[in-house]
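What's in start_34.cif: mmCIF, C-alpha atoms (C1' of nucleotides)
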data_final
loop_
_atom_site.label_atom_id
_atom_site.label_comp_id
_atom_site.auth_asym_id
_atom_site.auth_seq_id
_atom_site.Cartn_x
_atom_site.Cartn_y
_atom_site.Cartn_z
CA MET A 1 53.96 77.28 91.63
CA ALA A 2 51.70 78.13 94.54
CA SER A 3 50.31 81.61 95.18
CA PRO A 4 52.55 83.71 97.43
CA LEU A 5 52.13 84.10 101.18
CA ASP A 6 50.11 87.18 102.08
CA ALA A 7 50.63 89.73 104.84
CA SER A 8 48.69 87.71 107.44
CA PHE A 9 51.45 85.07 107.43
CA PHE A 10 53.93 87.71 108.60
CA PHE A 11 51.48 89.38 111.01
CA ARG A 12 52.58 87.05 113.83
CA PRO A 13 55.39 86.74 116.42
CA VAL A 14 58.67 86.89 114.53
CA LEU A 15 59.98 83.61 115.97
CA ASP A 16 56.88 81.77 114.72
CA VAL A 17 57.36 83.24 111.26
CA ALA A 18 61.06 82.28 111.29
CA ARG A 19 60.02 78.71 112.05
CA ASP A 20 57.29 78.55 109.42
CA LEU A 21 59.44 80.11 106.70
CA LEU A 22 61.60 76.96 106.66
CA GLY A 23 60.54 75.07 103.56
CA CYS A 24 58.98 78.09 101.86
CA VAL A 25 60.17 79.12 98.41
CA VAL A 26 61.76 82.48 97.61
CA ARG A 27 61.31 83.37 93.95
CA HIS A 28 62.79 86.23 91.92
CA GLY A 29 62.49 86.07 88.15
CA GLU A 30 63.72 82.76 86.82
CA THR A 31 65.52 81.86 90.07
CA ALA A 32 63.99 80.23 93.16
CA GLY A 33 65.13 78.37 96.26
CA VAL A 34 63.73 76.60 99.34
CA ILE A 35 64.47 78.36 102.67
CA VAL A 36 66.59 76.11 104.91
CA GLU A 37 67.92 78.67 107.41
CA THR A 38 66.50 81.78 109.06
CA GLU A 39 67.18 84.13 111.96
CA ALA A 40 64.66 86.16 113.96
CA TYR A 41 65.24 89.78 114.97
CA HIS A 42 63.03 91.86 117.25
CA GLU A 43 63.25 95.47 118.44
CA SER A 44 63.28 94.28 122.08
CA GLU A 45 66.81 92.84 121.74
CA ALA A 46 69.99 94.76 120.94
CA ALA A 47 71.10 92.81 117.86
CA CYS A 48 68.10 94.05 115.90
CA HIS A 49 68.59 97.16 113.79
CA ALA A 50 65.18 98.34 115.02
CA HIS A 51 66.50 98.42 118.60
CA VAL A 52 67.72 102.00 118.05
CA GLY A 53 64.25 103.15 117.09
CA LEU A 54 62.82 104.63 113.92
CA THR A 55 65.53 105.98 111.61
CA PRO A 56 65.78 106.20 107.81
CA ARG A 57 67.46 102.81 107.82
CA THR A 58 64.82 101.08 109.95
CA HIS A 59 61.85 102.70 108.21
CA PHE A 60 60.56 99.50 106.61
CA LEU A 61 61.37 97.37 109.69
CA PHE A 62 58.63 99.32 111.48
CA GLY A 63 56.33 99.23 108.47
CA PRO A 64 53.54 96.78 107.67
CA PRO A 65 54.39 93.05 107.65
CA GLY A 66 55.01 91.12 104.46
CA ARG A 67 57.48 93.57 102.96
CA ALA A 68 61.17 93.10 102.26
CA TYR A 69 63.84 94.76 104.38
CA VAL A 70 67.08 94.79 102.39
CA TYR A 71 70.24 96.48 103.61
CA ARG A 72 73.92 96.46 102.74
CA SER A 73 76.25 94.55 105.03
CA TYR A 74 79.98 95.22 105.30
CA GLY A 75 79.70 97.50 102.28
CA ILE A 76 79.49 94.50 99.99
CA HIS A 77 76.49 92.24 100.46
CA ALA A 78 72.74 92.83 100.35
CA LEU A 79 70.86 90.91 103.06
CA LEU A 80 67.20 89.95 102.65
CA ASN A 81 64.67 90.05 105.49
CA ALA A 82 60.90 89.61 105.71
CA VAL A 83 59.24 92.24 107.91
CA CYS A 84 56.96 90.74 110.58
CA GLU A 85 54.50 91.67 113.34
CA PRO A 86 52.13 94.65 113.31
CA GLU A 87 53.05 97.99 111.79
CA GLY A 88 54.90 100.01 114.43
CA VAL A 89 56.77 96.96 115.79
CA GLY A 90 60.32 96.55 114.43
CA ALA A 91 60.80 92.85 113.69
CA ALA A 92 62.01 90.77 110.75
CA VAL A 93 63.26 87.35 109.70
CA LEU A 94 66.65 87.23 108.00
CA ILE A 95 66.75 84.68 105.16
CA ARG A 96 70.15 83.03 105.66
CA ALA A 97 70.25 80.09 103.24
CA LEU A 98 68.33 78.45 100.40
CA GLU A 99 68.37 75.10 98.69
CA PRO A 100 68.59 76.05 95.00
CA LEU A 101 65.40 75.01 93.18
CA GLU A 102 65.07 76.79 89.82
CA GLY A 103 67.33 78.86 87.60
CA LEU A 104 70.52 77.12 88.64
CA ASP A 105 72.32 78.30 85.49
CA ALA A 106 71.57 81.94 86.27
CA MET A 107 72.66 81.44 89.89
CA CYS A 108 75.97 79.91 88.81
CA ALA A 109 76.57 82.75 86.36
CA ARG A 110 75.87 85.45 88.98
CA ARG A 111 77.94 83.68 91.62
CA GLY A 112 80.79 82.66 89.31
CA LEU A 113 80.64 79.13 90.77
CA ASP A 114 79.18 75.78 89.87
CA ARG A 115 78.92 73.87 93.18
CA VAL A 116 75.22 73.79 94.10
CA GLU A 117 76.07 73.80 97.81
CA ASP A 118 77.88 77.13 97.44
CA LEU A 119 75.21 79.06 95.53
CA CYS A 120 72.86 80.13 98.36
CA SER A 121 74.50 78.86 101.59
CA GLY A 122 74.73 82.27 103.22
CA PRO A 123 72.69 85.49 103.45
CA GLY A 124 74.98 87.41 101.08
CA LYS A 125 75.32 84.49 98.71
CA LEU A 126 71.61 83.98 98.14
CA THR A 127 70.97 87.64 97.37
CA GLN A 128 73.72 87.52 94.77
CA ALA A 129 72.34 84.28 93.31
CA LEU A 130 68.75 85.65 93.15
CA ASP A 131 69.86 89.16 92.12
CA VAL A 132 68.31 90.82 95.18
CA GLU A 133 69.58 94.37 95.72
CA LEU A 134 68.89 97.46 97.80
CA GLU A 135 66.31 98.64 95.29
CA HIS A 136 64.06 95.85 96.61
CA ASN A 137 63.98 97.37 100.09
CA GLY A 138 60.34 97.87 101.06
CA SER A 139 58.94 95.83 98.19
CA ASP A 140 55.82 93.73 98.76
CA LEU A 141 56.63 90.04 99.16
CA SER A 142 53.16 89.06 97.89
CA GLU A 143 52.91 91.23 94.80
CA GLY A 144 56.42 92.57 94.23
CA PRO A 145 59.26 91.16 92.13
CA ILE A 146 60.40 88.95 95.03
CA ARG A 147 57.80 86.51 96.33
CA ILE A 148 57.64 83.86 99.02
CA GLU A 149 55.48 80.79 98.43
CA PRO A 150 54.17 78.34 101.08
CA ALA A 151 56.10 75.27 102.17
CA ALA A 152 55.11 71.75 101.13
CA ALA A 153 52.96 69.96 103.72
CA SER A 154 55.86 67.63 104.62
CA TRP A 155 57.67 70.57 106.25
CA GLU A 156 55.06 70.73 109.03
CA GLU A 157 56.75 67.80 110.76
CA VAL A 158 60.28 69.17 110.47
CA GLU A 159 61.86 70.11 113.80
CA PRO A 160 64.26 73.01 113.21
CA VAL A 161 67.71 73.04 114.78
CA LEU A 162 68.02 76.04 117.12
CA GLY A 163 71.27 77.85 117.76
CA PRO A 164 72.81 81.28 118.39
CA ARG A 165 72.67 83.84 115.60
CA ILE A 166 75.74 84.36 113.45
CA GLY A 167 77.99 87.40 113.23
CA ILE A 168 76.44 89.52 115.97
CA THR A 169 78.03 90.94 119.12
CA LYS A 170 74.93 91.96 121.06
CA ALA A 171 72.29 89.54 122.38
CA ALA A 172 74.46 86.72 121.05
CA ASP A 173 73.02 84.25 123.54
CA LEU A 174 69.51 84.07 122.10
CA PRO A 175 68.96 80.81 120.15
CA TRP A 176 67.12 82.51 117.31
CA ARG A 177 68.91 80.86 114.39
CA LEU A 178 66.73 78.15 112.86
CA SER A 179 68.02 75.55 110.41
CA ALA A 180 66.53 72.62 108.52
CA PRO A 181 68.05 69.51 110.14
CA GLY A 182 70.66 67.78 108.01
CA SER A 183 70.45 70.19 105.09
CA ARG A 184 73.61 70.47 102.99
CA TYR A 185 72.65 74.01 102.00
CA VAL A 186 72.87 75.86 105.33
CA SER A 187 75.57 78.45 106.03
CA ARG A 188 78.65 78.12 108.22
CA PRO A 189 79.18 77.39 110.95
CA ARG A 190 77.03 74.30 110.38
CA PRO A 191 74.57 73.77 113.25
CA ARG A 192 74.94 70.56 115.30
"C1'" DC B 193 80.65 117.18 108.40
"C1'" DA B 194 84.00 113.19 110.19
"C1'" DT B 195 84.21 108.95 112.02
"C1'" DG B 196 83.45 104.08 113.06
"C1'" DG B 197 81.17 99.85 112.92
"C1'" DG B 198 78.97 96.07 110.97
"C1'" DA B 199 72.92 90.31 110.64
"C1'" DT B 200 79.70 88.55 105.28
"C1'" DT B 201 82.54 86.43 102.08
"C1'" DG B 202 86.55 84.63 99.74
"C1'" DA B 203 91.38 84.51 99.53
"C1'" DC B 204 95.28 83.40 101.87
"C1'" DT B 205 98.86 81.47 105.89
"C1'" DG C 206 93.12 79.70 111.51
"C1'" DT C 207 93.61 85.24 109.87
"C1'" DC C 208 92.27 89.29 107.25
"C1'" DA C 209 90.85 92.91 103.93
"C1'" DA C 210 87.24 94.70 100.89
"C1'" DT C 211 83.70 98.38 100.82
"C1'" DC C 212 79.45 101.40 101.70
"C1'" DC C 213 75.48 102.72 104.23
"C1'" DC C 214 74.13 104.99 108.02
"C1'" DA C 215 74.05 106.12 113.15
"C1'" DT C 216 76.36 108.92 116.09
"C1'" DG C 217 78.81 112.84 117.82
"C1'" DC C 218 81.22 117.15 117.36
#
Write-out of the structure in structure tokens:
Amino acid sequence: MASPLDASFFFRPVLDVARDLLGCVVRHGETAGVIVETEAYHESEAACHAHVGLTPRTHFLFGPPGRAYVYRSYGIHALLNAVCEPEGVGAAVLIRALEPLEGLDAMCARRGLDRVEDLCSGPGKLTQALDVELEHNGSDLSEGPIRIEPAAASWEEVEPVLGPRIGITKAADLPWRLSAPGSRYVSRPRPR
DNA sequence: CATGGGATTGACT
DNA sequence: GTCAATCCCATGC
């Protein structure tokens, strides 16, 4: 396994990071997966939690880049983001889907399923499969329990599919959802 | 302090 | 296709 990405990778415009995270590996304990779908969020647009300014919830969104921002969605699911851009700017990339890579048995047990395509094909699914919870909010993605490792060189040539972000009501027109073309492990609705 | 709304998922018609 | 589950937190009184 390669050494994790450091903070400089995330100290860049959030859309660039969302693009370059495709192909990277998220690892937690014995489980790991390749990122095949991301979404970018920035304080300048209304769909981003940081749009309301600095609150207890958005504390880590405005913090230094390279940390995790984990929050609970719909009272049920934990969603995993990577904080980007300089400290003081609220921006993050939501990890929306992974191609399962290691620890498939543990993922199946946590998910209560056995179809590989269903293990991590959604932002709430992958956190369940990798056992990511709210306690990981603010943890360091280079040195903490959850780490992100660089993509294989072959991913440099991949052209991501762009589309509107999922499940939002504000700023729904921005094409800031990025998917690996043709992947069977992306979430629904499947991009064109 | 009460209320309402989600960056979702799985079960069901 | 519809819909409920469930909890954190932002907002407003």
Within 9 Å of chain B, which residues of chain A show up? Give each one with its shortest atom-to-atom distance in Å (one decimal) and the two atoms involved, counting only C-alpha atoms (C1' of nucleotides), rows by chain then rising residue number, as a tab-separated table.
residue	atom	partner	partner_atom	distance
A:Glu39	CA	B:DA199	C1'	8.5
A:Tyr41	CA	B:DA199	C1'	8.8
A:Ala47	CA	B:DA199	C1'	7.9
A:Cys48	CA	B:DA199	C1'	8.1
A:His49	CA	B:DA199	C1'	8.7
A:Ser73	CA	B:DG198	C1'	6.7
A:Tyr74	CA	B:DG198	C1'	5.8
A:Gly75	CA	B:DG198	C1'	8.8
A:Ile76	CA	B:DT200	C1'	8.0
A:His77	CA	B:DT200	C1'	6.9
A:Leu79	CA	B:DA199	C1'	7.9
A:Leu94	CA	B:DA199	C1'	7.5
A:Gly122	CA	B:DT200	C1'	8.3
A:Pro123	CA	B:DT200	C1'	7.9
A:Gly124	CA	B:DT200	C1'	6.4
A:Lys125	CA	B:DT201	C1'	8.2
A:Arg165	CA	B:DA199	C1'	8.2
A:Ile166	CA	B:DA199	C1'	7.2
A:Gly167	CA	B:DA199	C1'	6.4
A:Ile168	CA	B:DA199	C1'	6.4
Atoms kept (C-alpha atoms) for selection, written as a compact mmCIF listing (two decimals), in the frame of the given file:
# COMPACT_ATOMS: atom_id res chain seq x y z
CA GLU A 39 67.18 84.13 111.96
CA TYR A 41 65.24 89.78 114.97
CA ALA A 47 71.10 92.81 117.86
CA CYS A 48 68.10 94.05 115.90
CA HIS A 49 68.59 97.16 113.79
CA SER A 73 76.25 94.55 105.03
CA TYR A 74 79.98 95.22 105.30
CA GLY A 75 79.70 97.50 102.28
CA ILE A 76 79.49 94.50 99.99
CA HIS A 77 76.49 92.24 100.46
CA LEU A 79 70.86 90.91 103.06
CA LEU A 94 66.65 87.23 108.00
CA GLY A 122 74.73 82.27 103.22
CA PRO A 123 72.69 85.49 103.45
CA GLY A 124 74.98 87.41 101.08
CA LYS A 125 75.32 84.49 98.71
CA ARG A 165 72.67 83.84 115.60
CA ILE A 166 75.74 84.36 113.45
CA GLY A 167 77.99 87.40 113.23
CA ILE A 168 76.44 89.52 115.97
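If you apply the PyMOL selection byres ((chain A and resi 25) around 7) to this structure, you end up with Gly23, Cys24, Val26, Arg27, Ala32, Gly33, Val34, Ile35, Ile148, Glu149, Pro150 and Ala151 of chain A.
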Counting all atoms listed in the file, which residues of chain C fall within 7 Å of chain A, and what is the closest atom pair for each with its distance in Å at one decimal, ordered by chain and rising number, as CSV?
residue,atom,partner,partner_atom,distance
C:DT211,C1',A:Gly75,CA,4.3
C:DC212,C1',A:Gly75,CA,4.0
C:DC213,C1',A:Arg72,CA,6.6
Correct to one decimal, the distance CA of Ala172 (chain A)-CA of His42 (chain A) is 13.1 Å
Report as a PDB file with C-alpha atoms, in the frame of the given file the residues that result from applying the PyMOL selection byres ((chain A and resi 181) around 7) to the structure here.
ATOM      1  CA  PRO A 160      64.260  73.010 113.210  1.00  0.00           C
ATOM      2  CA  VAL A 161      67.710  73.040 114.780  1.00  0.00           C
ATOM      3  CA  SER A 179      68.020  75.550 110.410  1.00  0.00           C
ATOM      4  CA  ALA A 180      66.530  72.620 108.520  1.00  0.00           C
ATOM      5  CA  GLY A 182      70.660  67.780 108.010  1.00  0.00           C
ATOM      6  CA  SER A 183      70.450  70.190 105.090  1.00  0.00           C
TER       7      SER A 183
END
- Query: CA of Leu15 (chain A) to CA of Pro145 (chain A): how many Å, to one decimal?
  - Reply: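 A separation of 25.0 Å between them.
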Kindly complete region 121-137 of chain A to N, CA and C atoms; the output should be written as an mmCIF file, keeping the file's coordinate frame.
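Final output, saved to rebuild_8.cif:
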data_model
loop_
_atom_site.group_PDB
_atom_site.id
_atom_site.type_symbol
_atom_site.label_atom_id
_atom_site.label_comp_id
_atom_site.auth_asym_id
_atom_site.auth_seq_id
_atom_site.Cartn_x
_atom_site.Cartn_y
_atom_site.Cartn_z
ATOM 1 N N SER A 121 74.260 79.302 100.217
ATOM 2 C CA SER A 121 74.500 78.860 101.590
ATOM 3 C C SER A 121 75.052 79.987 102.451
ATOM 4 N N GLY A 122 74.355 81.124 102.411
ATOM 5 C CA GLY A 122 74.730 82.270 103.220
ATOM 6 C C GLY A 122 73.863 83.446 102.808
ATOM 7 N N PRO A 123 73.618 84.392 103.733
ATOM 8 C CA PRO A 123 72.690 85.490 103.450
ATOM 9 C C PRO A 123 73.152 86.402 102.319
ATOM 10 N N GLY A 124 74.463 86.603 102.183
ATOM 11 C CA GLY A 124 74.980 87.410 101.080
ATOM 12 C C GLY A 124 75.058 86.628 99.787
ATOM 13 N N LYS A 125 75.238 85.329 99.906
ATOM 14 C CA LYS A 125 75.320 84.490 98.710
ATOM 15 C C LYS A 125 73.975 84.393 98.007
ATOM 16 N N LEU A 126 72.914 84.189 98.779
ATOM 17 C CA LEU A 126 71.610 83.980 98.140
ATOM 18 C C LEU A 126 71.094 85.248 97.477
ATOM 19 N N THR A 127 71.417 86.411 98.032
ATOM 20 C CA THR A 127 70.970 87.640 97.370
ATOM 21 C C THR A 127 71.712 87.847 96.058
ATOM 22 N N GLN A 128 72.982 87.438 96.026
ATOM 23 C CA GLN A 128 73.720 87.520 94.770
ATOM 24 C C GLN A 128 73.148 86.532 93.758
ATOM 25 N N ALA A 129 72.848 85.315 94.214
ATOM 26 C CA ALA A 129 72.340 84.280 93.310
ATOM 27 C C ALA A 129 70.961 84.645 92.760
ATOM 28 N N LEU A 130 70.107 85.285 93.585
ATOM 29 C CA LEU A 130 68.750 85.650 93.150
ATOM 30 C C LEU A 130 68.679 87.089 92.632
ATOM 31 N N ASP A 131 69.810 87.773 92.587
ATOM 32 C CA ASP A 131 69.860 89.160 92.120
ATOM 33 C C ASP A 131 68.942 90.054 92.945
ATOM 34 N N VAL A 132 69.035 89.935 94.266
ATOM 35 C CA VAL A 132 68.310 90.820 95.180
ATOM 36 C C VAL A 132 69.242 91.975 95.543
ATOM 37 N N GLU A 133 68.753 93.204 95.427
ATOM 38 C CA GLU A 133 69.580 94.370 95.720
ATOM 39 C C GLU A 133 68.809 95.383 96.563
ATOM 40 N N LEU A 134 69.504 96.479 96.906
ATOM 41 C CA LEU A 134 68.890 97.460 97.800
ATOM 42 C C LEU A 134 67.629 98.071 97.216
ATOM 43 N N GLU A 135 67.511 98.083 95.912
ATOM 44 C CA GLU A 135 66.310 98.640 95.290
ATOM 45 C C GLU A 135 65.054 97.879 95.693
ATOM 46 N N HIS A 136 65.214 96.645 96.198
ATOM 47 C CA HIS A 136 64.060 95.850 96.610
ATOM 48 C C HIS A 136 63.630 96.142 98.046
ATOM 49 N N ASN A 137 64.364 97.023 98.729
ATOM 50 C CA ASN A 137 63.980 97.370 100.090
ATOM 51 C C ASN A 137 62.572 97.952 100.106
#
